[in-house]
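Participant: My file is start.txt. It has compact mmCIF, C-alpha atoms:
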# COMPACT_ATOMS: atom_id res chain seq x y z
CA ILE O 1 0.00 0.00 0.00
CA MET O 2 2.83 2.37 0.87
CA LYS O 3 4.34 1.84 -2.59
CA TRP O 4 1.00 2.67 -4.21
CA PHE O 5 0.76 5.95 -2.22
CA LEU O 6 4.30 6.83 -3.21
CA PHE O 7 3.44 6.17 -6.82
CA LEU O 8 0.31 8.37 -6.61
CA SER O 9 2.21 11.23 -5.03
CA LEU O 10 4.85 11.03 -7.75
CA VAL O 11 2.13 11.19 -10.40
CA ALA O 12 0.70 14.23 -8.61
CA LEU O 13 4.11 15.90 -8.52
CA SER O 14 4.77 15.32 -12.20
CA GLN O 15 1.50 17.06 -13.04
CA CYS O 16 1.98 20.61 -11.86
CA ARG O 17 -1.59 21.90 -12.06
CA VAL O 18 -1.18 25.19 -10.24
CA THR O 19 1.76 27.42 -11.07
CA LYS O 20 2.86 30.92 -10.16
CA VAL O 21 4.72 32.92 -12.79
CA PRO O 22 6.70 35.78 -11.23
CA LEU O 23 6.43 39.16 -12.95
CA GLN O 24 9.32 41.61 -12.87
CA LYS O 25 8.51 45.29 -12.62
CA GLY O 26 10.87 47.15 -14.92
CA LYS O 27 11.17 50.26 -17.04
CA SER O 28 8.38 51.00 -19.50
CA LEU O 29 8.88 51.60 -23.20
CA ARG O 30 8.00 55.27 -22.59
CA GLN O 31 10.78 55.58 -19.97
CA ASN O 32 13.32 53.90 -22.28
CA LEU O 33 12.42 56.22 -25.18
CA LYS O 34 12.61 59.24 -22.86
CA GLU O 35 16.08 58.25 -21.63
CA HIS O 36 17.31 57.90 -25.20
CA GLY O 37 15.80 61.27 -26.19
CA LEU O 38 13.43 59.58 -28.65
CA LEU O 39 10.05 60.08 -27.01
CA GLU O 40 8.94 63.26 -28.81
CA ASP O 41 9.86 61.90 -32.21
CA PHE O 42 8.09 58.64 -31.45
CA LEU O 43 4.89 60.35 -30.33
CA LYS O 44 4.86 62.45 -33.50
CA LYS O 45 5.12 59.35 -35.67
CA ASN O 46 2.83 57.20 -33.51
CA PRO O 47 -0.01 59.30 -32.19
CA TYR O 48 -0.73 57.45 -28.96
CA ASN O 49 -4.21 56.02 -29.20
CA PRO O 50 -4.83 53.41 -26.54
CA ALA O 51 -8.29 52.85 -28.01
CA SER O 52 -6.97 51.05 -31.08
CA LYS O 53 -6.48 47.87 -29.07
CA TYR O 54 -10.17 47.55 -28.31
CA PHE O 55 -11.78 48.15 -31.69
CA PRO O 56 -13.27 44.89 -32.89
CA ARG O 57 -10.69 42.96 -34.88
CA LEU O 58 -11.24 42.96 -38.63
CA ALA O 59 -12.77 39.62 -39.47
CA ASN O 60 -9.95 38.27 -41.58
CA ASP O 61 -7.06 35.90 -41.13
CA ALA O 62 -4.86 38.65 -39.75
CA ALA O 63 -4.30 39.57 -36.15
CA SER O 64 -4.36 43.21 -35.23
CA GLU O 65 -2.70 44.26 -32.02
CA THR O 66 -1.36 47.73 -31.48
CA LEU O 67 1.84 47.97 -29.57
CA THR O 68 1.60 51.62 -28.60
CA ASN O 69 -0.90 50.38 -26.01
CA TYR O 70 1.99 48.88 -24.17
CA MET O 71 3.91 52.17 -23.83
CA ASP O 72 3.62 52.34 -20.05
CA VAL O 73 3.33 48.73 -18.98
CA GLU O 74 5.96 47.76 -16.42
CA TYR O 75 5.17 44.12 -15.58
CA TYR O 76 6.76 41.28 -17.54
CA GLY O 77 7.14 37.55 -17.07
CA THR O 78 9.23 34.84 -18.71
CA ILE O 79 7.92 31.88 -20.69
CA SER O 80 9.74 29.43 -22.89
CA ILE O 81 8.82 27.93 -26.24
CA GLY O 82 10.12 24.80 -27.95
CA THR O 83 12.27 21.75 -27.18
CA PRO O 84 14.86 22.53 -25.88
CA ALA O 85 13.32 25.65 -24.32
CA GLN O 86 13.87 29.13 -25.79
CA ASP O 87 13.07 31.95 -23.32
CA PHE O 88 10.96 35.05 -23.96
CA THR O 89 9.88 38.02 -21.87
CA VAL O 90 6.18 38.70 -22.40
CA ILE O 91 3.40 40.92 -21.15
CA PHE O 92 0.62 38.78 -19.65
CA ASP O 93 -2.27 40.73 -21.13
CA THR O 94 -5.90 40.14 -20.07
CA GLY O 95 -6.93 42.65 -22.77
CA SER O 96 -5.98 40.52 -25.80
CA SER O 97 -5.98 36.84 -26.73
CA ASN O 98 -2.99 35.97 -28.94
CA LEU O 99 0.49 34.77 -28.07
CA TRP O 100 3.27 36.05 -30.32
CA VAL O 101 7.05 36.46 -30.13
CA PRO O 102 9.80 37.70 -32.49
CA SER O 103 11.34 35.01 -34.71
CA VAL O 104 14.55 34.42 -36.66
CA TYR O 105 12.55 35.20 -39.81
CA CYS O 106 12.55 38.81 -38.65
CA SER O 107 15.61 40.88 -39.48
CA SER O 108 14.34 44.35 -38.61
CA ALA O 109 16.23 46.31 -35.95
CA ALA O 110 13.51 45.76 -33.38
CA CYS O 111 14.01 42.02 -33.63
CA THR O 112 17.80 42.01 -33.55
CA ASN O 113 18.06 42.94 -29.87
CA HIS O 114 15.19 40.79 -28.65
CA ASN O 115 14.96 37.06 -28.15
CA ARG O 116 13.97 35.45 -31.44
CA PHE O 117 12.33 32.07 -31.74
CA ASN O 118 14.18 29.66 -34.00
CA PRO O 119 11.83 26.89 -35.17
CA SER O 120 14.66 24.79 -36.59
CA ASP O 121 16.17 24.51 -33.09
CA SER O 122 12.97 22.97 -31.72
CA SER O 123 12.18 19.29 -32.20
CA THR O 124 8.52 19.86 -31.27
CA TYR O 125 7.76 22.75 -33.67
CA GLU O 126 5.03 22.30 -36.28
CA ALA O 127 4.64 24.84 -39.06
CA THR O 128 1.33 26.05 -40.53
CA SER O 129 0.59 27.99 -43.69
CA GLN O 130 -1.43 30.61 -41.81
CA SER O 131 -0.18 34.15 -41.69
CA LEU O 132 -0.68 36.87 -39.14
CA SER O 133 -0.47 40.62 -39.22
CA ILE O 134 -0.23 42.92 -36.25
CA GLN O 135 -1.11 46.58 -36.73
CA TYR O 136 1.18 49.25 -35.31
CA GLY O 137 0.77 53.00 -35.44
CA THR O 138 3.38 53.22 -38.20
CA GLY O 139 2.81 50.03 -40.13
CA SER O 140 2.20 46.41 -39.48
CA MET O 141 4.13 43.51 -38.09
CA THR O 142 3.60 40.45 -40.21
CA GLY O 143 4.33 36.89 -39.32
CA ILE O 144 3.24 33.28 -39.42
CA LEU O 145 1.48 30.95 -37.02
CA GLY O 146 3.10 27.78 -35.73
CA TYR O 147 2.57 25.17 -33.00
CA ASP O 148 4.97 24.23 -30.23
CA THR O 149 5.27 23.45 -26.54
CA VAL O 150 4.99 26.54 -24.34
CA GLN O 151 6.31 26.33 -20.78
CA VAL O 152 4.48 28.75 -18.46
CA GLY O 153 5.84 28.40 -14.94
CA GLY O 154 5.52 24.70 -14.11
CA ILE O 155 2.87 24.04 -16.77
CA GLU O 156 3.86 22.45 -20.05
CA ASP O 157 1.33 23.56 -22.63
CA THR O 158 1.78 21.32 -25.68
CA ASN O 159 0.59 22.00 -29.25
CA GLN O 160 0.09 25.68 -28.54
CA ILE O 161 -0.51 27.90 -31.57
CA PHE O 162 1.43 31.17 -31.53
CA GLY O 163 2.64 33.93 -33.83
CA LEU O 164 6.23 34.23 -35.08
CA SER O 165 6.99 37.76 -36.25
CA GLU O 166 8.70 38.27 -39.61
CA THR O 167 8.77 42.08 -39.80
CA GLU O 168 8.55 44.69 -37.05
CA PRO O 169 8.37 48.22 -38.42
CA GLY O 170 10.28 51.25 -37.15
CA THR O 171 13.03 51.31 -34.59
CA THR O 172 10.67 51.93 -31.68
CA PHE O 173 10.34 48.38 -30.51
CA TYR O 174 14.08 48.21 -30.42
CA TYR O 175 13.58 49.86 -27.02
CA ALA O 176 10.65 47.73 -25.86
CA PRO O 177 11.56 45.92 -22.63
CA PHE O 178 9.55 42.86 -23.68
CA ASP O 179 9.83 40.39 -26.55
CA GLY O 180 6.17 39.56 -27.10
CA ILE O 181 2.63 39.36 -25.72
CA LEU O 182 0.72 36.51 -24.08
CA GLY O 183 -3.01 37.26 -24.29
CA LEU O 184 -5.36 36.01 -21.56
CA ALA O 185 -8.74 37.22 -22.87
CA PHE O 186 -11.39 35.09 -24.62
CA PRO O 187 -11.08 33.07 -27.85
CA SER O 188 -13.85 35.21 -29.40
CA ILE O 189 -11.38 38.09 -29.90
CA SER O 190 -8.38 35.97 -30.85
CA SER O 191 -7.00 36.90 -34.24
CA SER O 192 -6.86 34.15 -36.88
CA GLY O 193 -9.05 32.10 -34.51
CA ALA O 194 -5.86 30.99 -32.73
CA THR O 195 -6.57 29.11 -29.48
CA PRO O 196 -5.37 31.26 -26.56
CA VAL O 197 -2.81 29.82 -24.12
CA PHE O 198 -5.19 29.50 -21.17
CA ASP O 199 -7.87 27.82 -23.33
CA ASN O 200 -5.31 25.27 -24.45
CA MET O 201 -4.29 24.68 -20.81
CA MET O 202 -7.94 24.11 -19.85
CA ASN O 203 -8.57 21.84 -22.85
CA GLU O 204 -5.53 19.73 -21.96
CA GLY O 205 -6.55 19.51 -18.28
CA LEU O 206 -3.34 21.22 -17.19
CA VAL O 207 -4.88 23.46 -14.52
CA SER O 208 -6.59 22.19 -11.37
CA GLU O 209 -9.21 24.94 -11.67
CA ASP O 210 -10.19 26.85 -14.81
CA LEU O 211 -9.11 30.20 -13.41
CA PHE O 212 -6.02 32.34 -12.95
CA SER O 213 -5.28 35.14 -10.54
CA VAL O 214 -3.08 38.23 -10.55
CA TYR O 215 -1.18 40.21 -7.95
CA LEU O 216 0.67 43.37 -9.02
CA SER O 217 3.01 44.78 -6.42
CA SER O 218 3.02 48.57 -6.05
CA ASP O 219 6.59 49.34 -5.30
CA GLU O 220 9.14 46.55 -5.32
CA GLN O 221 10.72 45.27 -8.48
CA SER O 222 9.65 41.75 -7.55
CA GLY O 223 6.70 40.06 -5.86
CA SER O 224 4.10 40.39 -8.62
CA PHE O 225 2.72 37.24 -10.24
CA VAL O 226 0.12 35.55 -12.41
CA MET O 227 -1.03 32.29 -10.86
CA PHE O 228 -2.52 29.72 -13.23
CA GLY O 229 -5.05 27.24 -11.84
CA GLY O 230 -5.33 28.67 -8.36
CA ILE O 231 -5.79 31.46 -5.83
CA ASP O 232 -3.24 32.42 -3.17
CA SER O 233 -5.37 33.52 -0.23
CA SER O 234 -2.37 34.85 1.69
CA TYR O 235 -2.36 37.86 -0.64
CA TYR O 236 -5.80 39.21 0.24
CA SER O 237 -7.85 39.95 3.32
CA GLY O 238 -11.60 39.56 3.75
CA SER O 239 -13.57 37.78 1.08
CA LEU O 240 -13.41 37.52 -2.69
CA ASN O 241 -16.15 39.70 -4.21
CA TRP O 242 -17.44 37.86 -7.28
CA ILE O 243 -18.68 39.90 -10.25
CA PRO O 244 -20.40 38.29 -13.27
CA LEU O 245 -19.03 39.11 -16.73
CA SER O 246 -21.26 41.10 -19.03
CA ALA O 247 -19.49 39.83 -22.17
CA GLU O 248 -17.07 37.02 -22.98
CA THR O 249 -14.61 38.94 -25.15
CA TYR O 250 -12.44 40.97 -22.83
CA TRP O 251 -12.90 40.47 -19.07
CA GLU O 252 -15.87 42.82 -19.19
CA ILE O 253 -18.09 43.75 -16.24
CA THR O 254 -20.82 46.27 -15.44
CA MET O 255 -19.80 49.18 -13.24
CA ASP O 256 -22.52 51.01 -11.25
CA SER O 257 -20.84 54.39 -10.78
CA VAL O 258 -17.65 56.37 -10.14
CA THR O 259 -17.94 58.63 -7.11
CA ILE O 260 -15.89 61.04 -5.02
CA ASP O 261 -17.11 61.76 -1.47
CA GLY O 262 -20.44 60.12 -2.30
CA GLU O 263 -21.02 62.31 -5.34
CA THR O 264 -21.25 60.62 -8.77
CA ILE O 265 -18.68 62.16 -11.09
CA ALA O 266 -18.73 59.62 -13.90
CA CYS O 267 -20.47 56.46 -15.13
CA SER O 268 -23.79 57.78 -13.90
CA GLY O 269 -26.50 55.15 -14.36
CA GLY O 270 -23.89 52.44 -15.01
CA CYS O 271 -21.29 51.66 -17.66
CA GLN O 272 -19.14 48.82 -18.97
CA ALA O 273 -15.56 48.24 -17.83
CA ILE O 274 -12.81 45.77 -18.63
CA ILE O 275 -10.04 44.58 -16.33
CA ASP O 276 -6.88 44.85 -18.39
CA THR O 277 -3.42 43.93 -17.07
CA GLY O 278 -1.94 45.07 -20.40
CA THR O 279 -2.92 48.73 -19.84
CA SER O 280 -1.05 50.63 -17.21
CA LEU O 281 -3.41 53.50 -16.50
CA LEU O 282 -7.10 53.83 -15.78
CA ALA O 283 -8.89 54.87 -18.94
CA GLY O 284 -12.44 55.93 -19.71
CA PRO O 285 -14.68 58.12 -21.89
CA SER O 286 -13.36 61.67 -22.24
CA THR O 287 -16.38 63.23 -20.50
CA GLY O 288 -15.96 61.13 -17.37
CA ILE O 289 -12.16 61.40 -17.33
CA SER O 290 -12.16 65.17 -17.76
CA SER O 291 -14.55 65.60 -14.85
CA ILE O 292 -12.28 63.40 -12.69
CA ASN O 293 -9.15 65.26 -13.80
CA SER O 294 -10.67 68.66 -13.17
CA TYR O 295 -11.90 67.52 -9.76
CA ILE O 296 -8.42 66.38 -8.71
CA GLY O 297 -6.82 69.46 -10.27
CA ALA O 298 -4.92 67.75 -13.07
CA SER O 299 -4.41 69.85 -16.18
CA ASP O 300 -2.92 68.31 -19.31
CA SER O 301 -2.62 65.21 -17.11
CA THR O 302 0.04 66.87 -14.90
CA ILE O 303 -0.70 67.49 -11.25
CA SER O 304 1.22 68.84 -8.28
CA CYS O 305 2.79 66.05 -6.23
CA SER O 306 1.80 67.76 -2.98
CA ALA O 307 -1.88 67.21 -3.84
CA MET O 308 -1.43 63.51 -3.10
CA SER O 309 -1.83 63.87 0.66
CA SER O 310 -5.08 65.82 0.50
CA LEU O 311 -7.01 64.26 -2.37
CA PRO O 312 -9.89 61.84 -1.65
CA ASN O 313 -10.37 58.25 -2.80
CA ILE O 314 -12.07 57.76 -6.12
CA VAL O 315 -14.63 54.99 -5.62
CA PHE O 316 -15.62 52.50 -8.32
CA THR O 317 -18.85 50.75 -7.36
CA ILE O 318 -19.16 47.38 -9.07
CA ASN O 319 -21.96 44.88 -8.45
CA GLY O 320 -23.03 46.99 -5.45
CA ILE O 321 -19.60 46.88 -3.79
CA GLU O 322 -17.33 49.90 -3.39
CA PHE O 323 -13.75 49.61 -4.63
CA PRO O 324 -11.80 52.71 -3.65
CA VAL O 325 -8.62 53.86 -5.40
CA PRO O 326 -6.56 56.26 -3.23
CA ALA O 327 -4.65 59.30 -4.48
CA SER O 328 -1.36 57.47 -3.84
CA ALA O 329 -2.46 55.03 -6.56
CA TYR O 330 -4.04 57.39 -9.11
CA ILE O 331 -1.27 59.98 -8.98
CA ILE O 332 1.88 58.70 -10.61
CA ASP O 333 5.10 60.12 -9.25
CA GLU O 334 8.05 59.70 -11.58
CA SER O 335 11.06 61.13 -9.79
CA GLY O 336 9.32 64.22 -8.49
CA SER O 337 7.03 65.09 -11.40
CA CYS O 338 3.47 63.88 -11.02
CA THR O 339 0.84 62.90 -13.56
CA SER O 340 -2.75 61.72 -13.35
CA GLY O 341 -3.32 57.99 -13.68
CA PHE O 342 -6.56 58.72 -15.59
CA GLU O 343 -6.48 58.93 -19.38
CA SER O 344 -9.33 59.51 -21.75
CA MET O 345 -10.14 57.01 -24.39
CA ASP O 346 -13.39 56.76 -26.31
CA VAL O 347 -14.35 53.19 -27.09
CA ASP O 348 -18.13 52.83 -26.97
CA GLY O 349 -18.22 54.27 -23.45
CA LEU O 350 -15.93 51.50 -22.16
CA TRP O 351 -13.81 52.00 -19.03
CA ILE O 352 -10.43 50.25 -18.85
CA LEU O 353 -9.36 49.27 -15.36
CA GLY O 354 -5.62 48.94 -15.91
CA ASP O 355 -2.70 48.48 -13.54
CA VAL O 356 -3.46 51.65 -11.53
CA PHE O 357 -6.65 49.88 -10.42
CA ILE O 358 -5.35 46.29 -10.37
CA ARG O 359 -2.46 47.16 -8.01
CA GLN O 360 -5.07 47.86 -5.31
CA TYR O 361 -6.73 44.42 -5.46
CA TYR O 362 -6.11 40.71 -5.77
CA VAL O 363 -7.93 39.75 -8.98
CA VAL O 364 -9.26 36.33 -9.96
CA PHE O 365 -10.21 35.64 -13.58
CA ASP O 366 -12.59 32.66 -13.55
CA ARG O 367 -13.28 30.99 -16.89
CA ALA O 368 -15.26 28.10 -15.37
CA ASN O 369 -18.02 30.48 -14.21
CA ASN O 370 -17.34 33.54 -16.40
CA GLN O 371 -16.78 35.87 -13.49
CA VAL O 372 -14.02 37.88 -11.87
CA ALA O 373 -13.31 38.42 -8.19
CA LEU O 374 -11.74 41.42 -6.50
CA ALA O 375 -10.42 41.31 -2.94
CA SER O 376 -8.58 43.86 -0.78
CA LEU O 377 -4.87 43.20 -0.52
CA ALA O 378 -3.63 41.66 2.71
Just give me the structure of the file as structure tokens.
Facilitator:
Amino acid sequence: IMKWFLFLSLVALSQCRVTKVPLQKGKSLRQNLKEHGLLEDFLKKNPYNPASKYFPRLANDAASETLTNYMDVEYYGTISIGTPAQDFTVIFDTGSSNLWVPSVYCSSAACTNHNRFNPSDSSTYEATSQSLSIQYGTGSMTGILGYDTVQVGGIEDTNQIFGLSETEPGTTFYYAPFDGILGLAFPSISSSGATPVFDNMMNEGLVSEDLFSVYLSSDEQSGSFVMFGGIDSSYYSGSLNWIPLSAETYWEITMDSVTIDGETIACSGGCQAIIDTGTSLLAGPSTGISSINSYIGASDSTISCSAMSSLPNIVFTINGIEFPVPASAYIIDESGSCTSGFESMDVDGLWILGDVFIRQYYVVFDRANNQVALASLA
């Protein structure tokens, strides 16, 4: 009997069904461009329009994913693809659904200083004849789709379809601190109908529960993570507040209102919001955002750093529960100059709860029941 138990426990060990992928907090693309004196030129050539990410994908065989959306994102994790493993730094993005990385087929400058996937070095790679195109502000990245084993933390996701870039336009992404993107939204918005990574994990029975959870640390470089297949209750206090999804595209929910000191300043009568780890700020319709910015005294998105101590919480009420965001979270202090964490973006009245919001809560993304949970951090 003892032998049998030993055997069972070994089987259990070999099947890692909950895994935590650490995220590093590093410099954003915007900071890198600034340091190299290239930001102004870049913004001229790529008018920053975070909305482009959310417009419904053109129904063709091409993916469209705009990289200027990732200008300010600071959280990255490492995955590997192929046999033997080739490592890539990716943004784990709940606001898109495709996985793609640079490949050896790409010779543009942006690819030369990033990790490039080499299919001929992988014994498990399978080619397809499908192509892929990713829209940028200044042109498009084109590539192909292939299948291989993707290692995400302790989970080995076999036969995963992903994009291999062949061209990356402009020199901008030369300075991007990440190689590629790993999308965690729904298959319905996946370009080329490619099965998203988490869907493949669920289909292959690789996660003990069909959910993943996210913790983004506010200050330290380390500590943040995405946990696949489980929830780490040591990171939150009180209970998980479950919120049903209003659509299965992005992680979309209904928000009741946005208030300051009990007074509704935006989203009056309700609005739709998405929880998006791949957006750093908190974005919403220009009318709502401008009333928030004028209330907190931000002009042209800059604000005096001293205001931080006196400004009130901004409260997002979702499913009848209040989720406050304090001034220390919505005012971003970059070495003594402060900016508002609220940006306007008009996409059918949609609000985007990005990292400014997510840093305040432990978030669970539950595919089994199409719901998300928010809990106060421990």
Participant: Within 9 Å of O:Asp148, counting all atoms listed in the file, which residues show up once you throw out same-chain ones fewer than 3 positions away? Write them as a PDB file with C-alpha atoms, in the frame of the given file, please.
Facilitator:
ATOM      1  CA  ILE O  81       8.820  27.930 -26.240  1.00  0.00           C
ATOM      2  CA  GLY O  82      10.120  24.800 -27.950  1.00  0.00           C
ATOM      3  CA  THR O  83      12.270  21.750 -27.180  1.00  0.00           C
ATOM      4  CA  PRO O 119      11.830  26.890 -35.170  1.00  0.00           C
ATOM      5  CA  SER O 122      12.970  22.970 -31.720  1.00  0.00           C
ATOM      6  CA  SER O 123      12.180  19.290 -32.200  1.00  0.00           C
ATOM      7  CA  THR O 124       8.520  19.860 -31.270  1.00  0.00           C
ATOM      8  CA  TYR O 125       7.760  22.750 -33.670  1.00  0.00           C
ATOM      9  CA  GLU O 126       5.030  22.300 -36.280  1.00  0.00           C
ATOM     10  CA  ALA O 127       4.640  24.840 -39.060  1.00  0.00           C
ATOM     11  CA  ASP O 157       1.330  23.560 -22.630  1.00  0.00           C
ATOM     12  CA  THR O 158       1.780  21.320 -25.680  1.00  0.00           C
ATOM     13  CA  ASN O 159       0.590  22.000 -29.250  1.00  0.00           C
ATOM     14  CA  GLN O 160       0.090  25.680 -28.540  1.00  0.00           C
ATOM     15  CA  ILE O 161      -0.510  27.900 -31.570  1.00  0.00           C
ATOM     16  CA  PHE O 162       1.430  31.170 -31.530  1.00  0.00           C
TER      17      PHE O 162
END
Participant: Could you name the residues that touch O:Ala368 at 9 Å or less, counting all atoms listed in the file, but leaving out those on the same chain fewer than 3 positions away, as a PyMOL selection string?
Facilitator: chain O and resi 209-211+371
Participant: Could you tell me which of O:Thr279, O:Asn98, O:Thr254, O:Ser306 comes closest to O:Asn200 if we count all atoms listed in the file?
Facilitator: O:Asn98
Participant: Applying 8 Å and all atoms listed in the file, which residues near stretch 226-234 of chain O remain after dropping the ones on its own chain fewer than 4 positions away? List them as a PDB file with C-alpha atoms, in the frame of the given file.
Facilitator:
ATOM      1  CA  ARG O  17      -1.590  21.900 -12.060  1.00  0.00           C
ATOM      2  CA  VAL O  18      -1.180  25.190 -10.240  1.00  0.00           C
ATOM      3  CA  THR O  19       1.760  27.420 -11.070  1.00  0.00           C
ATOM      4  CA  LYS O  20       2.860  30.920 -10.160  1.00  0.00           C
ATOM      5  CA  VAL O  21       4.720  32.920 -12.790  1.00  0.00           C
ATOM      6  CA  PRO O  22       6.700  35.780 -11.230  1.00  0.00           C
ATOM      7  CA  LEU O  23       6.430  39.160 -12.950  1.00  0.00           C
ATOM      8  CA  PHE O  92       0.620  38.780 -19.650  1.00  0.00           C
ATOM      9  CA  VAL O 207      -4.880  23.460 -14.520  1.00  0.00           C
ATOM     10  CA  SER O 208      -6.590  22.190 -11.370  1.00  0.00           C
ATOM     11  CA  GLU O 209      -9.210  24.940 -11.670  1.00  0.00           C
ATOM     12  CA  ASP O 210     -10.190  26.850 -14.810  1.00  0.00           C
ATOM     13  CA  LEU O 211      -9.110  30.200 -13.410  1.00  0.00           C
ATOM     14  CA  PHE O 212      -6.020  32.340 -12.950  1.00  0.00           C
ATOM     15  CA  SER O 213      -5.280  35.140 -10.540  1.00  0.00           C
ATOM     16  CA  VAL O 214      -3.080  38.230 -10.550  1.00  0.00           C
ATOM     17  CA  TYR O 215      -1.180  40.210  -7.950  1.00  0.00           C
ATOM     18  CA  VAL O 364      -9.260  36.330  -9.960  1.00  0.00           C
ATOM     19  CA  ALA O 378      -3.630  41.660   2.710  1.00  0.00           C
TER      20      ALA O 378
END
Participant: From the options O:Ser280, O:Ser337, O:Ser239, O:Asn319, which residue's atoms come nearest to O:Ser28, counting only C-alpha atoms?
Facilitator: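 Looking only at the distances to O:Ser28, the closest residue turns out to be O:Ser280.
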Participant: Atom CA of O:Tyr330 and atom CA of O:Leu374, how far apart in Å?
Facilitator: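 Value for the atom CA of O:Leu374-atom CA of O:Tyr330 distance: 17.9 Å.
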Participant: What is the atom CA of O:Glu343 to atom CA of O:Ser294 distance in Å?
Facilitator: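 Distance reported for this atom pair: 12.3 Å.
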Participant: Please indicate the distance in Å from atom CA of O:Glu263 to atom CA of O:Ile289, rounded to one decimal place.
Facilitator: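 Those two atoms sit 14.9 Å apart.
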Participant: So, counting all atoms listed in the file, which residue among O:Ser129, O:Ser97, O:Ser188, O:Ser107 is closest to O:Ile144?
Facilitator: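 Among the listed residues, the smallest separation from O:Ile144 belongs to O:Ser129.
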Participant: Hey, which of O:Phe225, O:Phe186, O:Phe198, O:Trp100 ends up closest to O:Tyr75? Count all atoms listed in the file.
Facilitator: O:Phe225
Participant: Rank nothing, just name the residue among O:Ala273, O:Ile292, O:Ala375, O:Ala307 nearest to O:Ser237, using only C-alpha atoms.
Facilitator: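 Checking each candidate against O:Ser237, we get O:Ala375 as the closest.
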Participant: Looking at only C-alpha atoms, which of O:Asn313, O:Thr277, O:Ser80, O:Ser108 is the one that sits closest to O:Ser224?
Facilitator: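 Closest to O:Ser224, using only C-alpha atoms: O:Thr277.
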Participant: Set the distance at 9 Å and use only C-alpha atoms: which residues neighbour O:Thr167 once local chain neighbours fewer than 3 positions away are removed? I'd like the list as a VMD selection string.
Facilitator: chain O and resid 102 105 to 108 110 to 111 140 to 143
Participant: Identify the residues around (0.5, 37.9, -29.2) within a radius of 12 Å, measuring from all atoms listed in the file in the coordinates stated by the file, and give them as an NGL selection string.
Facilitator: :O and (62-67 or 89-102 or 132-135 or 141-145 or 161-165 or 178-185 or 189-192 or 194-197 or 278)
Participant: Would you mind exporting stretch 74-90 of chain O with C-alpha atoms, as an mmCIF file, in the first residue's frame?
Facilitator:
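After the write, selection.cif holds the following:
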data_model
loop_
_atom_site.group_PDB
_atom_site.id
_atom_site.type_symbol
_atom_site.label_atom_id
_atom_site.label_comp_id
_atom_site.auth_asym_id
_atom_site.auth_seq_id
_atom_site.Cartn_x
_atom_site.Cartn_y
_atom_site.Cartn_z
ATOM 1 C CA GLU O 74 5.960 47.756 -16.420
ATOM 2 C CA TYR O 75 5.165 44.122 -15.584
ATOM 3 C CA TYR O 76 6.756 41.276 -17.537
ATOM 4 C CA GLY O 77 7.144 37.549 -17.065
ATOM 5 C CA THR O 78 9.231 34.845 -18.712
ATOM 6 C CA ILE O 79 7.917 31.885 -20.690
ATOM 7 C CA SER O 80 9.745 29.433 -22.895
ATOM 8 C CA ILE O 81 8.818 27.926 -26.240
ATOM 9 C CA GLY O 82 10.120 24.804 -27.949
ATOM 10 C CA THR O 83 12.270 21.751 -27.183
ATOM 11 C CA PRO O 84 14.857 22.525 -25.880
ATOM 12 C CA ALA O 85 13.319 25.647 -24.321
ATOM 13 C CA GLN O 86 13.874 29.134 -25.787
ATOM 14 C CA ASP O 87 13.075 31.947 -23.324
ATOM 15 C CA PHE O 88 10.959 35.053 -23.959
ATOM 16 C CA THR O 89 9.882 38.019 -21.869
ATOM 17 C CA VAL O 90 6.180 38.698 -22.402
#
